[in-house]
>>> print(open('data_3.cif').read())   # mmCIF, C-alpha atoms
data_structure
loop_
_atom_site.group_PDB
_atom_site.id
_atom_site.type_symbol
_atom_site.label_atom_id
_atom_site.label_comp_id
_atom_site.auth_asym_id
_atom_site.auth_seq_id
_atom_site.Cartn_x
_atom_site.Cartn_y
_atom_site.Cartn_z
ATOM 1 C CA THR A 28 114.100 99.220 111.011
ATOM 2 C CA GLN A 29 115.181 102.357 112.821
ATOM 3 C CA LEU A 30 116.514 105.262 110.875
ATOM 4 C CA LEU A 31 119.103 105.986 113.566
ATOM 5 C CA GLU A 32 121.167 103.233 115.135
ATOM 6 C CA GLN A 33 122.980 103.850 118.380
ATOM 7 C CA SER A 34 125.907 101.883 119.691
ATOM 8 C CA PRO A 35 126.524 100.477 122.097
ATOM 9 C CA GLN A 36 123.044 99.600 123.293
ATOM 10 C CA PHE A 37 124.198 98.995 126.856
ATOM 11 C CA LEU A 38 127.327 100.261 128.573
ATOM 12 C CA SER A 39 128.518 99.741 132.129
ATOM 13 C CA ILE A 40 131.726 101.466 133.178
ATOM 14 C CA GLN A 41 133.625 102.484 136.276
ATOM 15 C CA GLU A 42 133.592 106.035 137.536
ATOM 16 C CA GLY A 43 136.382 108.065 135.968
ATOM 17 C CA GLU A 44 136.458 106.208 132.657
ATOM 18 C CA ASN A 45 135.819 107.807 129.296
ATOM 19 C CA LEU A 46 133.218 106.617 126.811
ATOM 20 C CA THR A 47 131.802 107.364 123.393
ATOM 21 C CA VAL A 48 128.301 106.732 122.128
ATOM 22 C CA TYR A 49 127.641 106.642 118.404
ATOM 23 C CA CYS A 50 124.520 107.562 116.479
ATOM 24 C CA ASN A 51 124.589 106.447 112.848
ATOM 25 C CA SER A 52 122.315 106.676 109.863
ATOM 26 C CA SER A 53 122.420 106.491 106.093
ATOM 27 C CA SER A 54 120.100 109.496 105.943
ATOM 28 C CA VAL A 55 120.905 113.190 106.113
ATOM 29 C CA PHE A 56 119.343 115.272 108.856
ATOM 30 C CA SER A 57 118.824 119.012 109.098
ATOM 31 C CA SER A 58 119.817 118.833 112.750
ATOM 32 C CA LEU A 59 120.464 116.292 115.432
ATOM 33 C CA GLN A 60 119.710 116.369 119.109
ATOM 34 C CA TRP A 61 120.934 114.415 122.118
ATOM 35 C CA TYR A 62 118.766 113.698 125.123
ATOM 36 C CA ARG A 63 119.319 112.054 128.483
ATOM 37 C CA GLN A 64 116.507 110.274 130.234
ATOM 38 C CA GLU A 65 116.413 109.029 133.802
ATOM 39 C CA PRO A 66 114.068 106.221 134.892
ATOM 40 C CA GLY A 67 110.471 107.360 135.255
ATOM 41 C CA GLU A 68 111.117 110.739 133.684
ATOM 42 C CA GLY A 69 110.851 112.291 130.261
ATOM 43 C CA PRO A 70 113.935 112.908 128.097
ATOM 44 C CA VAL A 71 115.840 116.133 128.706
ATOM 45 C CA LEU A 72 117.493 117.908 125.800
ATOM 46 C CA LEU A 73 121.276 118.155 126.131
ATOM 47 C CA VAL A 74 122.294 119.725 122.849
ATOM 48 C CA THR A 75 121.295 120.453 119.260
ATOM 49 C CA VAL A 76 123.856 120.338 116.459
ATOM 50 C CA VAL A 77 123.029 121.811 113.091
ATOM 51 C CA THR A 78 126.148 122.265 110.988
ATOM 52 C CA GLY A 79 128.128 119.372 109.506
ATOM 53 C CA GLY A 80 131.340 118.923 111.500
ATOM 54 C CA GLU A 81 130.026 120.976 114.393
ATOM 55 C CA VAL A 82 131.421 120.233 117.834
ATOM 56 C CA LYS A 83 129.718 121.335 121.011
ATOM 57 C CA LYS A 84 130.898 120.902 124.564
ATOM 58 C CA LEU A 85 128.778 120.727 127.675
ATOM 59 C CA LYS A 86 131.112 120.394 130.664
ATOM 60 C CA ARG A 87 132.487 116.837 130.373
ATOM 61 C CA LEU A 88 130.289 115.988 127.378
ATOM 62 C CA THR A 89 131.457 116.576 123.818
ATOM 63 C CA PHE A 90 129.046 116.263 120.919
ATOM 64 C CA GLN A 91 130.019 116.073 117.277
ATOM 65 C CA PHE A 92 127.883 116.157 114.147
ATOM 66 C CA GLY A 93 129.329 114.289 111.193
ATOM 67 C CA ASP A 94 130.514 116.247 108.186
ATOM 68 C CA ALA A 95 127.764 114.747 106.047
ATOM 69 C CA ARG A 96 125.143 115.290 108.758
ATOM 70 C CA LYS A 97 124.344 111.573 108.847
ATOM 71 C CA ASP A 98 125.893 110.658 112.146
ATOM 72 C CA SER A 99 126.901 111.990 115.516
ATOM 73 C CA SER A 100 128.875 111.046 118.577
ATOM 74 C CA LEU A 101 128.730 111.810 122.251
ATOM 75 C CA HIS A 102 131.920 111.553 124.270
ATOM 76 C CA ILE A 103 131.925 111.674 128.050
ATOM 77 C CA THR A 104 135.165 112.326 129.888
ATOM 78 C CA ALA A 105 135.700 111.041 133.419
ATOM 79 C CA ALA A 106 132.228 109.597 133.781
ATOM 80 C CA GLN A 107 130.424 110.048 137.074
ATOM 81 C CA PRO A 108 127.522 108.098 138.615
ATOM 82 C CA GLY A 109 125.288 111.083 137.875
ATOM 83 C CA ASP A 110 125.815 110.440 134.169
ATOM 84 C CA THR A 111 123.851 107.202 134.474
ATOM 85 C CA GLY A 112 120.796 107.171 132.241
ATOM 86 C CA LEU A 113 119.417 106.441 128.811
ATOM 87 C CA TYR A 114 120.989 108.544 126.073
ATOM 88 C CA LEU A 115 118.953 109.150 122.961
ATOM 89 C CA CYS A 116 119.891 110.841 119.748
ATOM 90 C CA ALA A 117 117.162 112.301 117.565
ATOM 91 C CA GLY A 118 117.520 113.378 113.978
ATOM 92 C CA VAL A 119 115.262 115.981 112.466
ATOM 93 C CA ARG A 120 114.058 115.652 108.882
ATOM 94 C CA ASN A 121 110.357 115.859 108.253
ATOM 95 C CA GLN A 122 109.803 114.711 111.818
ATOM 96 C CA PHE A 123 111.811 113.612 114.812
ATOM 97 C CA TYR A 124 113.523 110.248 114.428
ATOM 98 C CA PHE A 125 114.798 108.813 117.663
ATOM 99 C CA GLY A 126 117.791 106.542 117.857
ATOM 100 C CA THR A 127 117.694 103.088 119.402
ATOM 101 C CA GLY A 128 119.074 104.383 122.699
ATOM 102 C CA THR A 129 122.141 103.708 124.836
ATOM 103 C CA SER A 130 121.678 102.720 128.446
ATOM 104 C CA LEU A 131 124.690 103.903 130.454
ATOM 105 C CA THR A 132 125.510 102.804 133.978
ATOM 106 C CA VAL A 133 128.435 104.405 135.790
ATOM 107 C CA ILE A 134 129.544 102.374 138.773
ATOM 108 C CA PRO A 135 130.970 104.308 141.740
ATOM 109 C CA GLY B 29 113.130 126.639 129.022
ATOM 110 C CA ALA B 30 109.709 125.601 127.830
ATOM 111 C CA VAL B 31 107.694 123.457 130.209
ATOM 112 C CA VAL B 32 105.457 120.566 129.313
ATOM 113 C CA SER B 33 103.350 119.054 132.060
ATOM 114 C CA GLN B 34 101.982 115.542 131.795
ATOM 115 C CA HIS B 35 99.328 114.201 134.136
ATOM 116 C CA PRO B 36 99.013 111.806 135.822
ATOM 117 C CA SER B 37 102.567 110.651 136.511
ATOM 118 C CA TRP B 38 101.335 107.151 137.160
ATOM 119 C CA VAL B 39 98.021 105.369 137.044
ATOM 120 C CA ILE B 40 96.786 101.885 137.825
ATOM 121 C CA CYS B 41 93.549 100.780 136.239
ATOM 122 C CA LYS B 42 91.484 97.657 135.886
ATOM 123 C CA SER B 43 91.412 95.743 132.651
ATOM 124 C CA GLY B 44 88.597 96.941 130.412
ATOM 125 C CA THR B 45 88.474 100.500 131.711
ATOM 126 C CA SER B 46 89.669 103.625 129.921
ATOM 127 C CA VAL B 47 92.411 105.981 131.017
ATOM 128 C CA LYS B 48 93.017 109.572 129.940
ATOM 129 C CA ILE B 49 96.466 111.161 129.989
ATOM 130 C CA GLU B 50 96.867 114.916 129.625
ATOM 131 C CA CYS B 51 99.761 116.821 128.119
ATOM 132 C CA ARG B 52 99.918 120.583 128.607
ATOM 133 C CA SER B 53 102.384 123.163 127.351
ATOM 134 C CA LEU B 54 102.564 125.653 130.189
ATOM 135 C CA ASP B 55 104.424 128.618 128.729
ATOM 136 C CA PHE B 56 104.132 128.292 124.975
ATOM 137 C CA GLN B 57 101.622 127.358 122.329
ATOM 138 C CA ALA B 58 102.185 123.897 120.963
ATOM 139 C CA THR B 59 101.293 123.660 117.327
ATOM 140 C CA THR B 60 102.276 120.027 117.281
ATOM 141 C CA MET B 61 102.253 117.382 119.970
ATOM 142 C CA PHE B 62 103.717 113.913 119.814
ATOM 143 C CA TRP B 63 102.784 110.832 121.810
ATOM 144 C CA TYR B 64 105.320 108.091 122.460
ATOM 145 C CA ARG B 65 105.355 104.721 124.128
ATOM 146 C CA GLN B 66 108.473 103.415 125.790
ATOM 147 C CA PHE B 67 109.494 100.038 127.187
ATOM 148 C CA PRO B 68 112.187 99.709 129.879
ATOM 149 C CA LYS B 69 115.644 100.768 128.706
ATOM 150 C CA GLN B 70 114.419 101.133 125.151
ATOM 151 C CA SER B 71 113.998 104.122 122.921
ATOM 152 C CA LEU B 72 110.818 106.073 122.340
ATOM 153 C CA MET B 73 108.348 104.657 119.868
ATOM 154 C CA LEU B 74 106.267 107.313 118.154
ATOM 155 C CA MET B 75 102.571 106.491 118.342
ATOM 156 C CA ALA B 76 101.005 109.542 116.771
ATOM 157 C CA THR B 77 101.449 113.171 115.837
ATOM 158 C CA SER B 78 98.694 115.653 116.491
ATOM 159 C CA ASN B 79 98.200 119.175 115.262
ATOM 160 C CA GLU B 80 95.796 121.521 116.969
ATOM 161 C CA GLY B 81 92.325 121.336 115.529
ATOM 162 C CA SER B 82 92.911 118.408 113.215
ATOM 163 C CA LYS B 83 92.905 114.638 113.435
ATOM 164 C CA ALA B 84 95.999 112.921 114.698
ATOM 165 C CA THR B 85 98.296 111.044 112.355
ATOM 166 C CA TYR B 86 98.965 107.571 113.689
ATOM 167 C CA GLU B 87 102.053 105.506 113.044
ATOM 168 C CA GLN B 88 101.711 102.171 111.359
ATOM 169 C CA GLY B 89 100.546 99.491 113.758
ATOM 170 C CA VAL B 90 98.999 101.869 116.277
ATOM 171 C CA GLU B 91 95.252 101.386 116.665
ATOM 172 C CA LYS B 92 93.586 104.764 116.450
ATOM 173 C CA ASP B 93 90.352 103.456 117.983
ATOM 174 C CA LYS B 94 92.241 102.188 120.978
ATOM 175 C CA PHE B 95 94.501 105.184 121.499
ATOM 176 C CA LEU B 96 92.286 108.226 121.084
ATOM 177 C CA ILE B 97 94.128 111.516 120.723
ATOM 178 C CA ASN B 98 92.513 114.903 121.035
ATOM 179 C CA HIS B 99 94.383 118.165 120.475
ATOM 180 C CA ALA B 100 91.595 120.629 121.107
ATOM 181 C CA SER B 101 93.712 123.652 121.977
ATOM 182 C CA LEU B 102 97.231 124.951 121.463
ATOM 183 C CA THR B 103 98.155 124.036 125.018
ATOM 184 C CA LEU B 104 96.447 120.708 125.601
ATOM 185 C CA SER B 105 96.488 117.277 124.043
ATOM 186 C CA THR B 106 95.006 114.146 125.567
ATOM 187 C CA LEU B 107 95.625 110.459 124.986
ATOM 188 C CA THR B 108 92.862 108.080 126.021
ATOM 189 C CA VAL B 109 93.656 104.394 126.224
ATOM 190 C CA THR B 110 90.299 102.725 125.716
ATOM 191 C CA SER B 111 89.394 99.298 127.068
ATOM 192 C CA ALA B 112 92.865 98.933 128.511
ATOM 193 C CA HIS B 113 94.467 95.517 128.813
ATOM 194 C CA PRO B 114 97.616 94.398 130.643
ATOM 195 C CA GLU B 115 99.617 94.520 127.401
ATOM 196 C CA ASP B 116 98.927 98.269 127.266
ATOM 197 C CA SER B 117 100.951 98.712 130.445
ATOM 198 C CA SER B 118 103.845 100.946 129.540
ATOM 199 C CA PHE B 119 105.463 104.354 129.941
ATOM 200 C CA TYR B 120 103.726 106.971 127.803
ATOM 201 C CA ILE B 121 105.439 110.276 127.030
ATOM 202 C CA CYS B 122 104.231 113.348 125.224
ATOM 203 C CA SER B 123 106.251 116.110 123.669
ATOM 204 C CA ALA B 124 105.173 119.491 122.400
ATOM 205 C CA SER B 125 106.703 121.719 119.786
ATOM 206 C CA PRO B 126 106.118 125.406 119.215
ATOM 207 C CA GLY B 127 107.297 125.239 115.607
ATOM 208 C CA ALA B 128 104.913 125.817 112.762
ATOM 209 C CA ARG B 129 105.672 122.365 111.458
ATOM 210 C CA GLY B 130 106.695 120.941 114.803
ATOM 211 C CA TYR B 131 110.013 119.663 113.609
ATOM 212 C CA THR B 132 112.547 122.070 115.005
ATOM 213 C CA GLU B 133 112.571 121.477 118.728
ATOM 214 C CA ALA B 134 110.358 119.620 121.132
ATOM 215 C CA PHE B 135 109.964 119.576 124.881
ATOM 216 C CA PHE B 136 108.975 116.478 126.783
ATOM 217 C CA GLY B 137 106.531 115.832 129.574
ATOM 218 C CA GLN B 138 107.647 113.797 132.541
ATOM 219 C CA GLY B 139 105.829 110.690 131.332
ATOM 220 C CA THR B 140 102.975 108.558 132.632
ATOM 221 C CA ARG B 141 103.475 105.047 133.944
ATOM 222 C CA LEU B 142 100.341 103.064 133.108
ATOM 223 C CA THR B 143 99.747 99.731 134.801
ATOM 224 C CA VAL B 144 96.705 97.718 133.811
ATOM 225 C CA VAL B 145 95.750 94.959 136.239
#
>>> encode(input="data_3.cif", output="structure tokens")
Amino acid sequence: TQLLEQSPQFLSIQEGENLTVYCNSSSVFSSLQWYRQEPGEGPVLLVTVVTGGEVKKLKRLTFQFGDARKDSSLHITAAQPGDTGLYLCAGVRNQFYFGTGTSLTVIP
Amino acid sequence: GAVVSQHPSWVICKSGTSVKIECRSLDFQATTMFWYRQFPKQSLMLMATSNEGSKATYEQGVEKDKFLINHASLTLSTLTVTSAHPEDSSFYICSASPGARGYTEAFFGQGTRLTVV
């Protein structure tokens, strides 16, 4: 069993739509990170959230850390084809725990 | 940001041979390096954690005699897949962390696509 469950696992949407990806756990993390990975490449760090309830924005991406530091969400506004990729959350406790991943496809 | 270089990017080898993958931190000293395996459209599966100068810690189910990890310096870790078989074909990714315990931030290599024929 994975410590961090992401939902949905797969998502295919039209360009311009909004979407939210969830990263849930029953465990508390000292921080949580979101990565995006394109095929054949390594994951690239998007953001790190540390404080419960923290919200960070990166252009059209909004990241939120749950108040109890057990979960997080990633919201994308007006998705574009360039947003296509595998999104991974990673919680930090005594090591990195990666989520199950969300494969996003944005159709032009 | 910190750069981690992984080499080679892809490799094809014959069944029964061994393959070495290198992971280098180019502009920082990596106290801890992690090796992952990834299947298409799936998350990263941690194989092992290595600290410079000590033996790697393998995750449950990962054969340490098959996946040899050496972390001889603060900037280089290697993963050797010994006696490779087609089922070892996968995408292997390393990450390196400058933290004293390696659990604050990590930077990823670009991955190595291994195909065993």
>>> closest_atom_pairs(input="data_3.cif", of="chain B", to="chain A", cutoff="12 Å", atoms="all atoms listed in the file", output="CSV")
residue,atom,partner,partner_atom,distance
B:Gly29,CA,A:Leu72,CA,10.3
B:Ala30,CA,A:Leu72,CA,11.1
B:Val31,CA,A:Val71,CA,11.1
B:Val32,CA,A:Gly69,CA,9.9
B:Ser33,CA,A:Gly69,CA,10.3
B:Gln34,CA,A:Gly69,CA,9.6
B:Ser37,CA,A:Gly67,CA,8.7
B:Trp38,CA,A:Gly67,CA,9.3
B:Thr60,CA,A:Gln122,CA,10.7
B:Met61,CA,A:Gln122,CA,11.4
B:Phe62,CA,A:Phe123,CA,9.5
B:Trp63,CA,A:Phe123,CA,11.8
B:Tyr64,CA,A:Gly69,CA,10.4
B:Arg65,CA,A:Gly69,CA,11.2
B:Gln66,CA,A:Gly69,CA,10.2
B:Phe67,CA,A:Pro66,CA,10.9
B:Pro68,CA,A:Pro66,CA,8.4
B:Lys69,CA,A:Ser130,CA,6.3
B:Gln70,CA,A:Gly128,CA,6.2
B:Ser71,CA,A:Gly128,CA,5.1
B:Leu72,CA,A:Phe125,CA,6.7
B:Met73,CA,A:Phe125,CA,8.0
B:Leu74,CA,A:Tyr124,CA,8.7
B:Ala76,CA,A:Gln122,CA,11.3
B:Thr77,CA,A:Gln122,CA,9.4
B:Ser118,CA,A:Gly67,CA,10.8
B:Phe119,CA,A:Gly67,CA,7.9
B:Tyr120,CA,A:Gly69,CA,9.2
B:Ile121,CA,A:Gly69,CA,6.6
B:Cys122,CA,A:Gly69,CA,8.4
B:Ser123,CA,A:Gly69,CA,8.9
B:Ala124,CA,A:Phe123,CA,11.7
B:Ser125,CA,A:Phe123,CA,10.8
B:Gly127,CA,A:Gln122,CA,11.5
B:Arg129,CA,A:Asn121,CA,8.6
B:Gly130,CA,A:Gln122,CA,7.6
B:Tyr131,CA,A:Gln122,CA,5.3
B:Thr132,CA,A:Val119,CA,7.1
B:Glu133,CA,A:Val119,CA,8.8
B:Ala134,CA,A:Leu72,CA,8.7
B:Phe135,CA,A:Leu72,CA,7.8
B:Phe136,CA,A:Gly69,CA,5.8
B:Gly137,CA,A:Gly69,CA,5.6
B:Gln138,CA,A:Gly69,CA,4.2
B:Gly139,CA,A:Gly69,CA,5.4
B:Thr140,CA,A:Gly67,CA,8.0
B:Arg141,CA,A:Gly67,CA,7.5
B:Leu142,CA,A:Gly67,CA,11.2
>>> atom_distance(input="data_3.cif", atom1="CA of Gln91 (chain A)", atom2="CA of Thr47 (chain A)")
10.8 Å
>>> closest_residue(input="data_3.cif", among="A:Ser34, A:Val82, A:Leu88, A:Leu73", to="Val48 (chain A)", atoms="only C-alpha atoms")
A:Ser34
>>> atom_distance(input="data_3.cif", atom1="CA of Val144 (chain B)", atom2="CA of His35 (chain B)")
16.7 Å
>>> atom_distance(input="data_3.cif", atom1="CA of Val76 (chain A)", atom2="CA of Pro35 (chain A)")
20.8 Å
>>> residues_around(input="data_3.cif", residues="His99 (chain B)", least_positions_apart="6", cutoff="7 Å", atoms="all atoms listed in the file", output="ChimeraX atom specification")
/B:78-81,105-106
>>> write_last_selection(input="data_3.cif", atoms="C-alpha atoms", output="mmCIF file, keeping the file's coordinate frame")
data_model
loop_
_atom_site.group_PDB
_atom_site.id
_atom_site.type_symbol
_atom_site.label_atom_id
_atom_site.label_comp_id
_atom_site.auth_asym_id
_atom_site.auth_seq_id
_atom_site.Cartn_x
_atom_site.Cartn_y
_atom_site.Cartn_z
ATOM 1 C CA SER B 78 98.694 115.653 116.491
ATOM 2 C CA ASN B 79 98.200 119.175 115.262
ATOM 3 C CA GLU B 80 95.796 121.521 116.969
ATOM 4 C CA GLY B 81 92.325 121.336 115.529
ATOM 5 C CA SER B 105 96.488 117.277 124.043
ATOM 6 C CA THR B 106 95.006 114.146 125.567
#
>>> residues_around(input="data_3.cif", residues="Asn51 (chain A)", least_positions_apart="2", cutoff="6 Å", atoms="all atoms listed in the file", output="number ranges by chain")
A: 31-32, 98
>>> decode(input="data_3.cif", residues="region 58-69 of chain B", atoms="all heavy atoms", output="PDB file, in the first residue's frame")
ATOM      1  N   ALA B  58      26.175  15.608  -2.762  1.00  0.00           N
ATOM      2  CA  ALA B  58      24.982  14.826  -2.459  1.00  0.00           C
ATOM      3  C   ALA B  58      25.277  13.838  -1.341  1.00  0.00           C
ATOM      4  O   ALA B  58      25.917  12.822  -1.549  1.00  0.00           O
ATOM      5  CB  ALA B  58      24.504  14.090  -3.700  1.00  0.00           C
ATOM      6  N   THR B  59      24.796  14.177  -0.168  1.00  0.00           N
ATOM      7  CA  THR B  59      24.981  13.275   0.957  1.00  0.00           C
ATOM      8  C   THR B  59      24.211  11.978   0.741  1.00  0.00           C
ATOM      9  O   THR B  59      24.671  10.901   1.083  1.00  0.00           O
ATOM     10  CB  THR B  59      24.501  13.945   2.248  1.00  0.00           C
ATOM     11  OG1 THR B  59      25.125  15.220   2.390  1.00  0.00           O
ATOM     12  CG2 THR B  59      24.798  13.079   3.459  1.00  0.00           C
ATOM     13  N   THR B  60      23.041  12.133   0.160  1.00  0.00           N
ATOM     14  CA  THR B  60      22.169  10.982  -0.040  1.00  0.00           C
ATOM     15  C   THR B  60      21.711  10.928  -1.482  1.00  0.00           C
ATOM     16  O   THR B  60      21.404  11.953  -2.087  1.00  0.00           O
ATOM     17  CB  THR B  60      20.921  11.076   0.859  1.00  0.00           C
ATOM     18  OG1 THR B  60      21.328  11.311   2.206  1.00  0.00           O
ATOM     19  CG2 THR B  60      20.104   9.801   0.791  1.00  0.00           C
ATOM     20  N   MET B  61      21.709   9.721  -2.028  1.00  0.00           N
ATOM     21  CA  MET B  61      21.174   9.525  -3.374  1.00  0.00           C
ATOM     22  C   MET B  61      20.141   8.414  -3.337  1.00  0.00           C
ATOM     23  O   MET B  61      20.263   7.466  -2.552  1.00  0.00           O
ATOM     24  CB  MET B  61      22.286   9.197  -4.365  1.00  0.00           C
ATOM     25  CG  MET B  61      23.151  10.407  -4.711  1.00  0.00           C
ATOM     26  SD  MET B  61      24.262  10.064  -6.086  1.00  0.00           S
ATOM     27  CE  MET B  61      24.956  11.689  -6.394  1.00  0.00           C
ATOM     28  N   PHE B  62      19.126   8.572  -4.153  1.00  0.00           N
ATOM     29  CA  PHE B  62      18.040   7.611  -4.219  1.00  0.00           C
ATOM     30  C   PHE B  62      17.964   7.032  -5.633  1.00  0.00           C
ATOM     31  O   PHE B  62      18.160   7.747  -6.614  1.00  0.00           O
ATOM     32  CB  PHE B  62      16.703   8.291  -3.898  1.00  0.00           C
ATOM     33  CG  PHE B  62      16.668   9.028  -2.588  1.00  0.00           C
ATOM     34  CD1 PHE B  62      17.073  10.353  -2.509  1.00  0.00           C
ATOM     35  CD2 PHE B  62      16.228   8.401  -1.438  1.00  0.00           C
ATOM     36  CE1 PHE B  62      17.038  11.040  -1.304  1.00  0.00           C
ATOM     37  CE2 PHE B  62      16.188   9.078  -0.230  1.00  0.00           C
ATOM     38  CZ  PHE B  62      16.599  10.404  -0.156  1.00  0.00           C
ATOM     39  N   TRP B  63      17.646   5.754  -5.711  1.00  0.00           N
ATOM     40  CA  TRP B  63      17.436   5.126  -7.014  1.00  0.00           C
ATOM     41  C   TRP B  63      15.993   4.628  -7.090  1.00  0.00           C
ATOM     42  O   TRP B  63      15.497   3.980  -6.162  1.00  0.00           O
ATOM     43  CB  TRP B  63      18.401   3.962  -7.211  1.00  0.00           C
ATOM     44  CG  TRP B  63      19.792   4.432  -7.486  1.00  0.00           C
ATOM     45  CD1 TRP B  63      20.814   4.581  -6.589  1.00  0.00           C
ATOM     46  CD2 TRP B  63      20.321   4.818  -8.760  1.00  0.00           C
ATOM     47  NE1 TRP B  63      21.944   5.041  -7.229  1.00  0.00           N
ATOM     48  CE2 TRP B  63      21.675   5.197  -8.561  1.00  0.00           C
ATOM     49  CE3 TRP B  63      19.792   4.889 -10.055  1.00  0.00           C
ATOM     50  CZ2 TRP B  63      22.491   5.638  -9.605  1.00  0.00           C
ATOM     51  CZ3 TRP B  63      20.603   5.332 -11.087  1.00  0.00           C
ATOM     52  CH2 TRP B  63      21.937   5.691 -10.861  1.00  0.00           C
ATOM     53  N   TYR B  64      15.346   4.956  -8.215  1.00  0.00           N
ATOM     54  CA  TYR B  64      13.960   4.588  -8.423  1.00  0.00           C
ATOM     55  C   TYR B  64      13.813   3.802  -9.724  1.00  0.00           C
ATOM     56  O   TYR B  64      14.597   3.942 -10.660  1.00  0.00           O
ATOM     57  CB  TYR B  64      13.072   5.836  -8.533  1.00  0.00           C
ATOM     58  CG  TYR B  64      13.050   6.715  -7.311  1.00  0.00           C
ATOM     59  CD1 TYR B  64      13.997   7.717  -7.130  1.00  0.00           C
ATOM     60  CD2 TYR B  64      12.055   6.567  -6.345  1.00  0.00           C
ATOM     61  CE1 TYR B  64      13.964   8.533  -6.014  1.00  0.00           C
ATOM     62  CE2 TYR B  64      12.014   7.383  -5.236  1.00  0.00           C
ATOM     63  CZ  TYR B  64      12.975   8.364  -5.076  1.00  0.00           C
ATOM     64  OH  TYR B  64      12.936   9.179  -3.974  1.00  0.00           O
ATOM     65  N   ARG B  65      12.738   3.041  -9.766  1.00  0.00           N
ATOM     66  CA  ARG B  65      12.350   2.357 -10.987  1.00  0.00           C
ATOM     67  C   ARG B  65      10.938   2.825 -11.314  1.00  0.00           C
ATOM     68  O   ARG B  65      10.119   3.036 -10.398  1.00  0.00           O
ATOM     69  CB  ARG B  65      12.378   0.849 -10.771  1.00  0.00           C
ATOM     70  CG  ARG B  65      12.084   0.042 -11.999  1.00  0.00           C
ATOM     71  CD  ARG B  65      12.322  -1.436 -11.726  1.00  0.00           C
ATOM     72  NE  ARG B  65      12.019  -2.220 -12.914  1.00  0.00           N
ATOM     73  CZ  ARG B  65      12.222  -3.533 -13.014  1.00  0.00           C
ATOM     74  NH1 ARG B  65      12.719  -4.205 -11.989  1.00  0.00           N
ATOM     75  NH2 ARG B  65      11.921  -4.157 -14.125  1.00  0.00           N
ATOM     76  N   GLN B  66      10.670   3.006 -12.579  1.00  0.00           N
ATOM     77  CA  GLN B  66       9.354   3.515 -12.955  1.00  0.00           C
ATOM     78  C   GLN B  66       8.831   2.795 -14.184  1.00  0.00           C
ATOM     79  O   GLN B  66       9.538   2.644 -15.184  1.00  0.00           O
ATOM     80  CB  GLN B  66       9.438   5.015 -13.225  1.00  0.00           C
ATOM     81  CG  GLN B  66       8.101   5.672 -13.494  1.00  0.00           C
ATOM     82  CD  GLN B  66       8.229   7.162 -13.734  1.00  0.00           C
ATOM     83  OE1 GLN B  66       9.207   7.623 -14.304  1.00  0.00           O
ATOM     84  NE2 GLN B  66       7.221   7.921 -13.308  1.00  0.00           N
ATOM     85  N   PHE B  67       7.568   2.372 -14.114  1.00  0.00           N
ATOM     86  CA  PHE B  67       6.890   1.781 -15.262  1.00  0.00           C
ATOM     87  C   PHE B  67       6.017   2.845 -15.908  1.00  0.00           C
ATOM     88  O   PHE B  67       5.668   3.836 -15.261  1.00  0.00           O
ATOM     89  CB  PHE B  67       6.082   0.561 -14.824  1.00  0.00           C
ATOM     90  CG  PHE B  67       6.950  -0.563 -14.327  1.00  0.00           C
ATOM     91  CD1 PHE B  67       7.120  -0.791 -12.974  1.00  0.00           C
ATOM     92  CD2 PHE B  67       7.629  -1.376 -15.227  1.00  0.00           C
ATOM     93  CE1 PHE B  67       7.944  -1.806 -12.516  1.00  0.00           C
ATOM     94  CE2 PHE B  67       8.455  -2.396 -14.774  1.00  0.00           C
ATOM     95  CZ  PHE B  67       8.610  -2.608 -13.421  1.00  0.00           C
ATOM     96  N   PRO B  68       5.673   2.666 -17.189  1.00  0.00           N
ATOM     97  CA  PRO B  68       4.949   3.703 -17.937  1.00  0.00           C
ATOM     98  C   PRO B  68       3.717   4.232 -17.209  1.00  0.00           C
ATOM     99  O   PRO B  68       2.889   3.454 -16.725  1.00  0.00           O
ATOM    100  CB  PRO B  68       4.576   2.994 -19.242  1.00  0.00           C
ATOM    101  CG  PRO B  68       5.648   1.980 -19.420  1.00  0.00           C
ATOM    102  CD  PRO B  68       5.981   1.493 -18.037  1.00  0.00           C
ATOM    103  N   LYS B  69       3.640   5.526 -17.098  1.00  0.00           N
ATOM    104  CA  LYS B  69       2.511   6.246 -16.511  1.00  0.00           C
ATOM    105  C   LYS B  69       2.256   5.866 -15.058  1.00  0.00           C
ATOM    106  O   LYS B  69       1.161   6.047 -14.549  1.00  0.00           O
ATOM    107  CB  LYS B  69       1.245   6.064 -17.355  1.00  0.00           C
ATOM    108  CG  LYS B  69       1.358   6.697 -18.733  1.00  0.00           C
ATOM    109  CD  LYS B  69       0.022   6.829 -19.422  1.00  0.00           C
ATOM    110  CE  LYS B  69       0.193   7.606 -20.713  1.00  0.00           C
ATOM    111  NZ  LYS B  69      -1.091   7.829 -21.409  1.00  0.00           N
TER     112      LYS B  69
END
